[in-house]
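Structure file upload24.csv (CSV, C-alpha atoms) follows.
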```
chain,number,residue,atom,x,y,z
A,1185,MET,CA,98.1,184.4,153.5
A,1186,GLU,CA,99.9,187.3,155.0
A,1187,GLY,CA,101.4,187.2,158.5
A,1188,LYS,CA,99.4,190.2,159.7
A,1189,GLU,CA,96.2,188.3,159.1
A,1190,LEU,CA,97.2,185.6,161.6
A,1191,ARG,CA,95.9,185.6,165.2
A,1192,ILE,CA,99.1,185.4,167.2
A,1193,VAL,CA,99.6,184.4,170.9
A,1194,PHE,CA,102.9,185.6,172.3
A,1195,LEU,CA,104.5,183.8,175.3
A,1196,GLY,CA,107.5,185.3,177.1
A,1197,THR,CA,108.7,187.2,180.2
A,1198,PRO,CA,111.9,189.3,180.2
A,1199,GLU,CA,113.0,192.3,178.2
A,1200,PHE,CA,114.6,190.0,175.6
A,1201,ALA,CA,111.1,188.8,174.7
A,1202,ALA,CA,109.4,192.2,175.2
A,1203,CYS,CA,111.7,193.7,172.5
A,1204,SER,CA,110.3,191.3,169.9
A,1205,LEU,CA,106.8,191.8,171.1
A,1206,ARG,CA,107.1,195.6,170.7
A,1207,HIS,CA,108.4,195.0,167.1
A,1208,LEU,CA,105.4,192.9,166.2
A,1209,LEU,CA,103.0,195.4,167.6
A,1210,ARG,CA,104.7,198.3,166.0
A,1211,GLU,CA,104.6,196.6,162.6
A,1212,GLY,CA,100.9,195.9,162.9
A,1213,TYR,CA,100.8,192.2,163.6
A,1214,ASN,CA,97.6,190.8,165.2
A,1215,VAL,CA,98.8,189.8,168.7
A,1216,VAL,CA,95.5,188.6,170.3
A,1217,GLY,CA,96.9,187.6,173.6
A,1218,VAL,CA,100.1,187.4,175.7
A,1219,VAL,CA,101.1,184.7,178.2
A,1220,THR,CA,103.7,185.6,180.8
A,1221,ALA,CA,104.8,184.8,184.3
A,1222,PRO,CA,102.7,185.7,187.3
A,1223,ASP,CA,103.6,188.9,189.1
A,1224,LYS,CA,106.3,188.3,191.8
A,1225,PRO,CA,107.3,190.3,194.9
A,1226,ALA,CA,110.5,192.2,194.4
A,1227,GLY,CA,112.6,194.8,196.2
A,1228,ARG,CA,112.7,195.9,199.8
A,1229,GLY,CA,109.0,196.6,200.0
A,1230,GLN,CA,108.2,193.2,198.3
A,1231,LYS,CA,105.8,195.0,195.9
A,1232,LEU,CA,104.4,192.9,193.1
A,1233,HIS,CA,106.6,193.2,190.0
A,1234,GLU,CA,105.1,192.8,186.5
A,1235,SER,CA,107.2,191.2,183.8
A,1236,ASP,CA,108.5,193.3,180.9
A,1237,VAL,CA,106.3,191.4,178.5
A,1238,LYS,CA,103.2,192.1,180.6
A,1239,ARG,CA,104.0,195.8,180.8
A,1240,CYS,CA,104.4,195.9,177.0
A,1241,ALA,CA,101.2,194.1,176.4
A,1242,LEU,CA,99.1,196.3,178.8
A,1243,GLU,CA,100.5,199.4,177.1
A,1244,ALA,CA,99.2,198.1,173.8
A,1245,GLY,CA,95.9,196.9,175.2
A,1246,VAL,CA,96.6,193.2,174.5
A,1247,PRO,CA,94.9,190.7,176.9
A,1248,VAL,CA,97.3,189.1,179.3
A,1249,LEU,CA,97.2,185.5,180.8
A,1250,GLN,CA,99.4,184.7,183.8
A,1251,PRO,CA,99.0,181.0,184.6
A,1252,GLU,CA,100.6,179.4,187.6
A,1253,LYS,CA,100.3,176.0,185.9
A,1254,LEU,CA,100.3,175.7,182.1
A,1255,ARG,CA,98.1,172.6,182.2
A,1256,ALA,CA,95.4,174.2,184.3
A,1257,PRO,CA,92.0,173.8,182.6
A,1258,GLU,CA,91.0,177.4,183.1
A,1259,PHE,CA,94.2,178.6,181.4
A,1260,LEU,CA,93.8,176.2,178.5
A,1261,GLU,CA,90.2,177.3,178.0
A,1262,ALA,CA,91.2,180.9,178.0
A,1263,LEU,CA,94.0,180.2,175.5
A,1264,GLU,CA,91.7,178.3,173.2
A,1265,ALA,CA,89.2,181.1,173.3
A,1266,LEU,CA,91.7,183.3,171.7
A,1267,ARG,CA,91.5,181.1,168.6
A,1268,PRO,CA,95.3,181.3,167.9
A,1269,ASP,CA,96.7,180.6,164.4
A,1270,LEU,CA,100.3,180.8,165.6
A,1271,GLY,CA,102.2,180.8,168.8
A,1272,ILE,CA,105.5,182.6,169.4
A,1273,VAL,CA,107.6,181.8,172.5
A,1274,ILE,CA,110.7,183.7,173.6
A,1275,ALA,CA,112.5,183.2,177.0
A,1276,PHE,CA,109.6,181.5,178.7
A,1277,ARG,CA,109.0,178.2,180.5
A,1278,MET,CA,109.0,174.8,178.9
A,1279,LEU,CA,105.6,174.3,177.3
A,1280,PRO,CA,103.5,171.2,177.4
A,1281,GLU,CA,102.4,169.8,174.1
A,1282,VAL,CA,98.8,170.8,174.8
A,1283,VAL,CA,99.9,174.4,174.7
A,1284,TRP,CA,102.4,174.5,171.8
A,1285,ALA,CA,100.3,172.3,169.6
A,1286,MET,CA,97.1,174.4,170.1
A,1287,PRO,CA,97.6,177.1,167.5
A,1288,ARG,CA,96.5,176.0,164.0
A,1289,LEU,CA,100.0,176.6,162.5
A,1290,GLY,CA,102.0,175.5,165.6
A,1291,THR,CA,104.3,177.5,167.8
A,1292,PHE,CA,107.9,178.7,167.1
A,1293,ASN,CA,110.7,179.7,169.4
A,1294,LEU,CA,113.4,182.4,169.1
A,1295,HIS,CA,116.7,181.0,170.5
A,1296,ALA,CA,119.9,183.0,171.0
A,1297,SER,CA,122.3,180.7,169.2
A,1298,LEU,CA,122.9,179.2,165.8
A,1299,LEU,CA,121.1,175.9,166.4
A,1300,PRO,CA,121.9,173.0,166.7
A,1301,GLN,CA,124.8,174.6,168.6
A,1302,TYR,CA,124.3,175.8,172.1
A,1303,ARG,CA,121.0,174.2,172.9
A,1304,GLY,CA,119.9,175.1,176.5
A,1305,ALA,CA,119.3,177.9,178.9
A,1306,ALA,CA,122.5,179.9,178.6
A,1307,PRO,CA,123.5,180.2,175.0
A,1308,ILE,CA,124.8,183.8,175.1
A,1309,ASN,CA,127.0,183.1,178.2
A,1310,ARG,CA,128.3,179.8,177.0
A,1311,ALA,CA,129.3,181.1,173.5
A,1312,ILE,CA,131.5,183.8,174.9
A,1313,MET,CA,132.9,181.6,177.6
A,1314,ASN,CA,134.0,179.1,174.9
A,1315,GLY,CA,135.7,181.8,172.9
A,1316,GLU,CA,133.3,181.8,169.9
A,1317,THR,CA,133.6,184.6,167.5
A,1318,VAL,CA,130.2,184.1,165.8
A,1319,THR,CA,126.8,183.4,167.2
A,1320,GLY,CA,123.3,184.4,166.1
A,1321,LEU,CA,119.6,183.8,166.4
A,1322,THR,CA,117.4,180.9,165.3
A,1323,THR,CA,113.7,180.4,165.0
A,1324,PHE,CA,112.4,176.9,165.1
A,1325,MET,CA,109.1,175.1,165.4
A,1326,LEU,CA,108.5,173.5,168.8
A,1327,ASN,CA,108.2,169.7,169.1
A,1328,ALA,CA,108.5,167.2,172.0
A,1329,GLU,CA,112.4,167.6,172.0
A,1330,ILE,CA,114.0,170.6,173.7
A,1331,ASP,CA,115.5,173.0,171.2
A,1332,LYS,CA,115.4,170.3,168.4
A,1333,GLY,CA,112.4,171.4,166.3
A,1334,ASP,CA,112.6,172.2,162.6
A,1335,ILE,CA,114.5,175.4,161.9
A,1336,VAL,CA,112.7,178.2,160.0
A,1337,GLY,CA,115.1,181.1,160.0
A,1338,ARG,CA,118.6,182.1,161.2
A,1339,VAL,CA,120.7,185.2,161.4
A,1340,GLU,CA,124.4,185.4,162.2
A,1341,MET,CA,126.1,188.0,164.5
A,1342,ALA,CA,129.8,188.5,165.2
A,1343,ILE,CA,131.0,188.3,168.8
A,1344,LEU,CA,133.3,191.3,169.1
A,1345,PRO,CA,136.5,191.1,171.2
A,1346,GLU,CA,135.0,193.8,173.6
A,1347,ASP,CA,131.7,192.0,173.9
A,1348,ASN,CA,130.5,190.5,177.2
A,1349,ALA,CA,127.3,188.6,177.9
A,1350,GLY,CA,125.4,191.9,178.5
A,1351,THR,CA,126.4,193.7,175.3
A,1352,LEU,CA,125.9,190.6,173.2
A,1353,HIS,CA,122.5,190.0,174.8
A,1354,ASP,CA,121.4,193.5,173.9
A,1355,ARG,CA,122.5,193.3,170.3
A,1356,LEU,CA,120.8,189.9,169.8
A,1357,MET,CA,117.7,191.3,171.5
A,1358,GLU,CA,117.5,194.2,169.1
A,1359,ALA,CA,118.0,191.9,166.1
A,1360,GLY,CA,115.3,189.4,167.3
A,1361,GLY,CA,112.2,191.4,166.3
A,1362,ALA,CA,113.0,191.4,162.6
A,1363,LEU,CA,113.7,187.7,162.5
A,1364,VAL,CA,110.5,186.9,164.4
A,1365,ALA,CA,108.5,189.0,162.0
A,1366,GLU,CA,110.2,187.4,159.0
A,1367,THR,CA,109.5,183.9,160.4
A,1368,VAL,CA,105.8,184.8,160.9
A,1369,GLU,CA,105.6,185.8,157.2
A,1370,ARG,CA,107.3,182.6,156.1
A,1371,ILE,CA,105.0,180.4,158.1
A,1372,ALA,CA,101.9,182.3,156.9
A,1373,ALA,CA,102.9,181.9,153.3
A,1374,GLY,CA,104.2,178.4,153.6
A,1375,ASP,CA,107.4,179.9,152.0
A,1376,PHE,CA,110.1,177.9,153.7
A,1377,VAL,CA,111.8,174.5,153.7
A,1378,PRO,CA,112.1,173.4,157.4
A,1379,LEU,CA,115.6,172.3,158.3
A,1380,SER,CA,115.4,169.2,160.5
A,1381,GLN,CA,117.7,169.0,163.6
A,1382,MET,CA,116.6,165.5,164.5
A,1383,ASP,CA,119.2,163.7,162.4
A,1384,VAL,CA,122.1,166.0,163.5
A,1385,PRO,CA,124.8,163.9,165.3
A,1386,GLU,CA,125.4,165.0,168.9
A,1387,GLU,CA,129.1,164.7,168.5
A,1388,GLY,CA,130.8,168.1,168.0
A,1389,LEU,CA,127.8,170.0,169.3
A,1390,ARG,CA,128.3,172.4,172.3
A,1391,GLY,CA,125.5,172.7,174.8
A,1392,ALA,CA,124.4,175.7,176.9
A,1393,PRO,CA,123.3,174.3,180.2
A,1394,LYS,CA,122.0,176.5,183.0
A,1395,ILE,CA,124.7,178.2,185.0
A,1396,PHE,CA,124.9,177.9,188.8
A,1397,LYS,CA,127.0,179.8,191.3
A,1398,GLU,CA,129.8,177.2,191.6
A,1399,ASP,CA,130.1,177.2,187.8
A,1400,CYS,CA,131.2,180.8,188.0
A,1401,ARG,CA,134.3,180.3,190.1
A,1402,VAL,CA,137.4,181.3,188.2
A,1403,ASP,CA,140.0,178.5,187.6
A,1404,TRP,CA,143.3,180.4,187.5
A,1405,SER,CA,145.1,177.3,186.2
A,1406,ARG,CA,143.5,177.7,182.8
A,1407,PRO,CA,145.2,179.6,180.0
A,1408,GLY,CA,144.9,183.4,180.3
A,1409,PRO,CA,142.7,184.0,177.2
A,1410,GLU,CA,140.3,181.3,178.5
A,1411,VAL,CA,140.1,183.0,181.9
A,1412,VAL,CA,139.3,186.3,180.1
A,1413,ASN,CA,136.6,184.7,178.0
A,1414,PHE,CA,135.2,183.1,181.1
A,1415,ILE,CA,134.9,186.5,182.9
A,1416,ARG,CA,133.4,188.1,179.7
A,1417,GLY,CA,130.9,185.4,179.3
A,1418,LEU,CA,129.5,185.8,182.8
A,1419,SER,CA,129.5,189.6,182.9
A,1420,PRO,CA,127.5,191.4,184.1
A,1421,TYR,CA,125.3,188.4,185.2
A,1422,PRO,CA,125.7,186.1,187.0
A,1423,ALA,CA,129.3,187.2,187.3
A,1424,ALA,CA,132.5,185.3,187.6
A,1425,TRP,CA,134.0,185.2,191.1
A,1426,THR,CA,137.1,184.4,193.1
A,1427,GLU,CA,138.5,184.6,196.6
A,1428,PHE,CA,141.0,187.2,197.6
A,1429,GLU,CA,142.2,187.9,201.2
A,1430,GLY,CA,139.2,186.1,202.6
A,1431,THR,CA,136.8,188.2,200.5
A,1432,THR,CA,134.7,187.1,197.6
A,1433,LEU,CA,135.2,189.3,194.5
A,1434,LYS,CA,132.9,189.4,191.5
A,1435,LEU,CA,134.8,190.0,188.3
A,1436,PHE,CA,133.3,192.0,185.5
A,1437,ASP,CA,136.1,193.0,183.1
A,1438,ALA,CA,139.5,191.7,182.3
A,1439,ARG,CA,142.2,191.6,179.6
A,1440,PHE,CA,145.1,189.3,178.9
A,1441,CYS,CA,148.7,190.4,178.8
A,1442,GLU,CA,151.2,188.1,177.2
A,1443,CYS,CA,154.1,188.7,179.6
A,1444,GLY,CA,155.6,187.2,182.7
A,1445,ASP,CA,154.4,184.0,184.4
A,1446,GLY,CA,150.8,184.9,185.5
A,1447,CYS,CA,148.4,182.2,184.4
A,1448,GLY,CA,151.2,180.1,182.9
A,1449,ASP,CA,151.2,182.1,179.6
A,1450,GLY,CA,150.9,185.7,180.8
A,1451,TRP,CA,148.8,187.9,183.0
A,1452,VAL,CA,145.1,188.4,183.4
A,1453,GLU,CA,144.5,192.0,184.4
A,1454,ILE,CA,141.2,192.5,186.2
A,1455,THR,CA,139.9,196.0,185.4
A,1456,GLU,CA,136.5,196.0,187.1
A,1457,LEU,CA,135.2,194.1,190.1
A,1458,GLN,CA,133.0,194.1,193.1
A,1459,PRO,CA,134.0,193.0,196.6
A,1460,ALA,CA,131.3,191.3,198.7
A,1461,GLY,CA,129.0,193.9,200.3
A,1462,LYS,CA,130.4,196.8,198.4
A,1463,ARG,CA,129.8,198.6,195.1
A,1464,ARG,CA,131.2,197.7,191.7
A,1465,MET,CA,134.5,199.5,191.1
A,1466,THR,CA,137.6,199.7,189.0
A,1467,ALA,CA,140.7,197.7,190.0
A,1468,GLY,CA,142.4,201.0,190.9
A,1469,GLU,CA,139.7,201.9,193.3
A,1470,PHE,CA,139.7,198.5,194.9
A,1471,PHE,CA,143.5,198.5,195.6
A,1472,ASN,CA,143.3,202.1,196.8
A,1473,GLY,CA,140.8,201.0,199.4
A,1474,LEU,CA,142.4,197.6,200.1
A,1475,ARG,CA,143.8,198.5,203.6
A,1476,PRO,CA,140.4,199.6,204.9
A,1477,LEU,CA,138.8,196.5,203.4
A,1478,LYS,CA,141.3,194.2,205.2
A,1479,ASN,CA,140.7,195.9,208.5
A,1480,SER,CA,136.9,196.0,208.3
```
Any chance you could put this one into structure tokens?
Amino acid sequence: MEGKELRIVFLGTPEFAACSLRHLLREGYNVVGVVTAPDKPAGRGQKLHESDVKRCALEAGVPVLQPEKLRAPEFLEALEALRPDLGIVIAFRMLPEVVWAMPRLGTFNLHASLLPQYRGAAPINRAIMNGETVTGLTTFMLNAEIDKGDIVGRVEMAILPEDNAGTLHDRLMEAGGALVAETVERIAAGDFVPLSQMDVPEEGLRGAPKIFKEDCRVDWSRPGPEVVNFIRGLSPYPAAWTEFEGTTLKLFDARFCECGDGCGDGWVEITELQPAGKRRMTAGEFFNGLRPLKNS
């Protein structure tokens, strides 16, 4: 059986997911329905904001479901009425078994790391923060364990010295569509040997837990290269931060200079930052305006 014969239900919300959805639609795959987050108020006017996945689906004329609760009987009935052969989930909520097990061939996920490394909500950030030089994408079948289903496909990608979380996110996003389509074809043809993660020892694995504000505070006692990786891994969002002259500064770009005392092994030069309540700026612009900032 060919992948384009399958009735696919796609579940996702942000642009990272929408990019793969667009690829599937452009290549002629039969996406019979999309599940995404409910519209949410946003901006000053609190107008309802549609997800990137919803906008993509509506442009292509694909039916959209936006359940508040994934176990709601009316949602499950609507999902079942689509008669899905295969589910694809990217950057969405945790699914109950009644949803991921519904499609005839199951449901697979696209994850932004080389599983089993960096399981969790922030794999792109954590890989750069930890100084990795290689990451990638993995597709795996969902089961009852988070990010531990059988692996179907993988693709590696170098983390460049100039990368931050934003640039790496965008390159992985663009590469995701091809891997998703390839995975659909493999599943349709039964042409793959699933790689089990269940027996992989947890020792030596790095996780990717969700990042909170306090996790983003710079520890200047760490070695300089680690501080730079920390800033890169959190840029542009949620952004590393520090306190300076009673003001909180978000830090977006930095480089390490092996000279002087600095962080114990050299200097960390901040090249782009944002003081609280002000716009993002270069370090030069910040220091040129430092006197007005202190007197404000």
Find the residues around Ala1359 of chain A up to 12 Å (all atoms listed in the file counted), leave out those fewer than 6 positions away in its own chain, and share them as an MDAnalysis selection string. chainID A and resid 1200:1201 1203:1204 1207 1294:1296 1320:1322 1338:1341 1352:1353 1365:1366
Kindly provide the residues of segment 1202-1267 of chain A that approach segment 1271-1276 of chain A to within 12 Å, each paired with its closest atom pair and their distance in Å to one decimal, based on only C-alpha atoms, listed by chain and increasing number, as CSV.
```
residue,atom,partner,partner_atom,distance
A:Ala1202,CA,A:Ile1274,CA,8.7
A:Cys1203,CA,A:Ile1274,CA,10.1
A:Ser1204,CA,A:Ile1274,CA,8.5
A:Leu1205,CA,A:Ile1274,CA,9.3
A:Leu1208,CA,A:Ile1272,CA,10.8
A:Asn1214,CA,A:Gly1271,CA,11.6
A:Val1215,CA,A:Gly1271,CA,9.6
A:Val1216,CA,A:Gly1271,CA,10.4
A:Gly1217,CA,A:Gly1271,CA,9.9
A:Val1218,CA,A:Ile1272,CA,9.6
A:Val1219,CA,A:Phe1276,CA,9.1
A:Thr1220,CA,A:Phe1276,CA,7.5
A:Ala1221,CA,A:Phe1276,CA,8.1
A:Pro1222,CA,A:Phe1276,CA,11.8
A:Ser1235,CA,A:Phe1276,CA,11.2
A:Asp1236,CA,A:Ala1275,CA,11.5
A:Val1237,CA,A:Ile1274,CA,10.1
A:Gln1250,CA,A:Phe1276,CA,11.8
A:Leu1254,CA,A:Phe1276,CA,11.5
A:Leu1263,CA,A:Gly1271,CA,10.6
A:Glu1264,CA,A:Gly1271,CA,11.7
A:Leu1266,CA,A:Gly1271,CA,11.2
A:Arg1267,CA,A:Gly1271,CA,10.7
```
Saved selection, atoms kept: C-alpha atoms, as a JSON list (two decimals), keeping the file's coordinate frame:
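And here is the file that came out, again-v2.json:
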```
[["chain", "number", "residue", "atom", "x", "y", "z"],
["A", 1202, "ALA", "CA", 109.40, 192.20, 175.20],
["A", 1203, "CYS", "CA", 111.70, 193.70, 172.50],
["A", 1204, "SER", "CA", 110.30, 191.30, 169.90],
["A", 1205, "LEU", "CA", 106.80, 191.80, 171.10],
["A", 1208, "LEU", "CA", 105.40, 192.90, 166.20],
["A", 1214, "ASN", "CA", 97.60, 190.80, 165.20],
["A", 1215, "VAL", "CA", 98.80, 189.80, 168.70],
["A", 1216, "VAL", "CA", 95.50, 188.60, 170.30],
["A", 1217, "GLY", "CA", 96.90, 187.60, 173.60],
["A", 1218, "VAL", "CA", 100.10, 187.40, 175.70],
["A", 1219, "VAL", "CA", 101.10, 184.70, 178.20],
["A", 1220, "THR", "CA", 103.70, 185.60, 180.80],
["A", 1221, "ALA", "CA", 104.80, 184.80, 184.30],
["A", 1222, "PRO", "CA", 102.70, 185.70, 187.30],
["A", 1235, "SER", "CA", 107.20, 191.20, 183.80],
["A", 1236, "ASP", "CA", 108.50, 193.30, 180.90],
["A", 1237, "VAL", "CA", 106.30, 191.40, 178.50],
["A", 1250, "GLN", "CA", 99.40, 184.70, 183.80],
["A", 1254, "LEU", "CA", 100.30, 175.70, 182.10],
["A", 1263, "LEU", "CA", 94.00, 180.20, 175.50],
["A", 1264, "GLU", "CA", 91.70, 178.30, 173.20],
["A", 1266, "LEU", "CA", 91.70, 183.30, 171.70],
["A", 1267, "ARG", "CA", 91.50, 181.10, 168.60]]
```
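From atom CA of Thr1351 of chain A back to atom CA of Arg1416 of chain A, the distance works out to 10.0 Å.
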Atom CA of Glu1258 of chain A and atom CA of Met1278 of chain A are how many Å apart? 18.7 Å
Pick from A:Ala1362, A:Val1452, A:Leu1242, A:Leu1474, whichever lies nearest to Trp1404 of chain A using only C-alpha atoms: A:Val1452
Name the residues, using the chain letters and numbers of the file, that sit within 12 Å of (97.7, 172.9, 174.9) when counting all atoms listed in the file, and give them as a list in words. Lys1253, Leu1254, Arg1255, Ala1256, Pro1257, Glu1258, Phe1259, Leu1260, Glu1261, Ala1262, Leu1263, Glu1264, Ala1265, Pro1268, Gly1271, Leu1279, Pro1280, Glu1281, Val1282, Val1283, Trp1284, Ala1285, Met1286, Pro1287, Arg1288, Gly1290 and Thr1291 of chain A
What is the atom CA of Cys1441 of chain A-atom CA of Asn1472 of chain A distance in Å, reported with one decimal? 22.1 Å
Mind listing as JSON, numbers by chain all residues within 12 Å of (144.7, 193.6, 179.1), counting all atoms listed in the file? {"A": [1345, 1346, 1408, 1409, 1411, 1412, 1437, 1438, 1439, 1440, 1441, 1442, 1443, 1450, 1451, 1452, 1453, 1454, 1455, 1456]}
Take the residues that were just selected and, keeping C-alpha atoms, output them as a compact mmCIF listing (two decimals), in the frame of the given file.
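Saved result, part_25.txt, follows:
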```txt
# COMPACT_ATOMS: atom_id res chain seq x y z
CA PRO A 1345 136.50 191.10 171.20
CA GLU A 1346 135.00 193.80 173.60
CA GLY A 1408 144.90 183.40 180.30
CA PRO A 1409 142.70 184.00 177.20
CA VAL A 1411 140.10 183.00 181.90
CA VAL A 1412 139.30 186.30 180.10
CA ASP A 1437 136.10 193.00 183.10
CA ALA A 1438 139.50 191.70 182.30
CA ARG A 1439 142.20 191.60 179.60
CA PHE A 1440 145.10 189.30 178.90
CA CYS A 1441 148.70 190.40 178.80
CA GLU A 1442 151.20 188.10 177.20
CA CYS A 1443 154.10 188.70 179.60
CA GLY A 1450 150.90 185.70 180.80
CA TRP A 1451 148.80 187.90 183.00
CA VAL A 1452 145.10 188.40 183.40
CA GLU A 1453 144.50 192.00 184.40
CA ILE A 1454 141.20 192.50 186.20
CA THR A 1455 139.90 196.00 185.40
CA GLU A 1456 136.50 196.00 187.10
```
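Take the candidates A:Gly1461, A:Gly1391, A:Pro1225, A:Pro1385 and check each one against Arg1303 of chain A using all atoms listed in the file; the shortest distance goes to A:Gly1391.
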Give me the residues near segment 1306-1315 of chain A as a ChimeraX atom specification, where near means some atom within 7 Å (using only C-alpha atoms) and where sequence neighbours in that chain fewer than 4 positions away do not count. /A:1296-1297,1302,1349,1353,1392-1395,1413-1414,1416-1418
Once you have the residues from the selection above, write them out as a compact mmCIF listing (two decimals), keeping the file's coordinate frame, restricted to C-alpha atoms.
```
# COMPACT_ATOMS: atom_id res chain seq x y z
CA ALA A 1296 119.90 183.00 171.00
CA SER A 1297 122.30 180.70 169.20
CA TYR A 1302 124.30 175.80 172.10
CA ALA A 1349 127.30 188.60 177.90
CA HIS A 1353 122.50 190.00 174.80
CA ALA A 1392 124.40 175.70 176.90
CA PRO A 1393 123.30 174.30 180.20
CA LYS A 1394 122.00 176.50 183.00
CA ILE A 1395 124.70 178.20 185.00
CA ASN A 1413 136.60 184.70 178.00
CA PHE A 1414 135.20 183.10 181.10
CA ARG A 1416 133.40 188.10 179.70
CA GLY A 1417 130.90 185.40 179.30
CA LEU A 1418 129.50 185.80 182.80
```
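Of the residues under consideration (A:Lys1462, A:Arg1206, A:Lys1332, A:Arg1406), A:Arg1206 shows the shortest atom-to-atom contact distance to Val1246 of chain A when counting all atoms listed in the file.
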I'd like to know which of A:Ala1460, A:Ala1423, A:Ala1372, A:Leu1298 is closest to Lys1188 of chain A, using all atoms listed in the file. A:Ala1372
Would you mind listing what lies within 12 Å of Gly1374 of chain A as a VMD selection string, with only C-alpha atoms counted and same-chain residues fewer than 4 positions away left out? chain A and resid 1185 to 1187 1289 1336 1367 to 1370 1378
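Residue nearest Pro1407 of chain A, chosen from A:Thr1466, A:Cys1240, A:Gly1430, A:Asp1449 and counting only C-alpha atoms: A:Asp1449.
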N, CA and C atoms restored at segment 1390-1403 of chain A, emitted as an mmCIF file, in the frame of the given file:
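Dumped to result.cif:
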```cif
data_model
loop_
_atom_site.group_PDB
_atom_site.id
_atom_site.type_symbol
_atom_site.label_atom_id
_atom_site.label_comp_id
_atom_site.auth_asym_id
_atom_site.auth_seq_id
_atom_site.Cartn_x
_atom_site.Cartn_y
_atom_site.Cartn_z
ATOM 1 N N ARG A 1390 128.072 171.802 170.965
ATOM 2 C CA ARG A 1390 128.300 172.400 172.300
ATOM 3 C C ARG A 1390 126.942 172.758 172.882
ATOM 4 N N GLY A 1391 126.735 172.408 174.149
ATOM 5 C CA GLY A 1391 125.500 172.700 174.800
ATOM 6 C C GLY A 1391 125.572 174.027 175.590
ATOM 7 N N ALA A 1392 124.434 174.457 176.103
ATOM 8 C CA ALA A 1392 124.400 175.700 176.900
ATOM 9 C C ALA A 1392 123.555 175.464 178.152
ATOM 10 N N PRO A 1393 124.034 174.566 179.028
ATOM 11 C CA PRO A 1393 123.300 174.300 180.200
ATOM 12 C C PRO A 1393 123.177 175.470 181.171
ATOM 13 N N LYS A 1394 122.177 175.437 182.025
ATOM 14 C CA LYS A 1394 122.000 176.500 183.000
ATOM 15 C C LYS A 1394 123.219 176.677 183.858
ATOM 16 N N ILE A 1395 123.480 177.908 184.258
ATOM 17 C CA ILE A 1395 124.700 178.200 185.000
ATOM 18 C C ILE A 1395 124.357 178.439 186.492
ATOM 19 N N PHE A 1396 125.095 177.744 187.350
ATOM 20 C CA PHE A 1396 124.900 177.900 188.800
ATOM 21 C C PHE A 1396 126.131 178.581 189.398
ATOM 22 N N LYS A 1397 126.000 178.998 190.659
ATOM 23 C CA LYS A 1397 127.000 179.800 191.300
ATOM 24 C C LYS A 1397 128.409 179.140 191.232
ATOM 25 N N GLU A 1398 128.486 177.866 191.542
ATOM 26 C CA GLU A 1398 129.800 177.200 191.600
ATOM 27 C C GLU A 1398 130.412 177.125 190.181
ATOM 28 N N ASP A 1399 129.575 177.142 189.133
ATOM 29 C CA ASP A 1399 130.100 177.200 187.800
ATOM 30 C C ASP A 1399 130.837 178.447 187.456
ATOM 31 N N CYS A 1400 130.624 179.491 188.252
ATOM 32 C CA CYS A 1400 131.200 180.800 188.000
ATOM 33 C C CYS A 1400 132.508 181.093 188.650
ATOM 34 N N ARG A 1401 133.006 180.134 189.410
ATOM 35 C CA ARG A 1401 134.300 180.300 190.100
ATOM 36 C C ARG A 1401 135.434 180.242 189.098
ATOM 37 N N VAL A 1402 136.333 181.212 189.122
ATOM 38 C CA VAL A 1402 137.400 181.300 188.200
ATOM 39 C C VAL A 1402 138.480 180.196 188.509
ATOM 40 N N ASP A 1403 138.889 179.468 187.491
ATOM 41 C CA ASP A 1403 140.000 178.500 187.600
ATOM 42 C C ASP A 1403 141.235 179.148 187.060
#
```
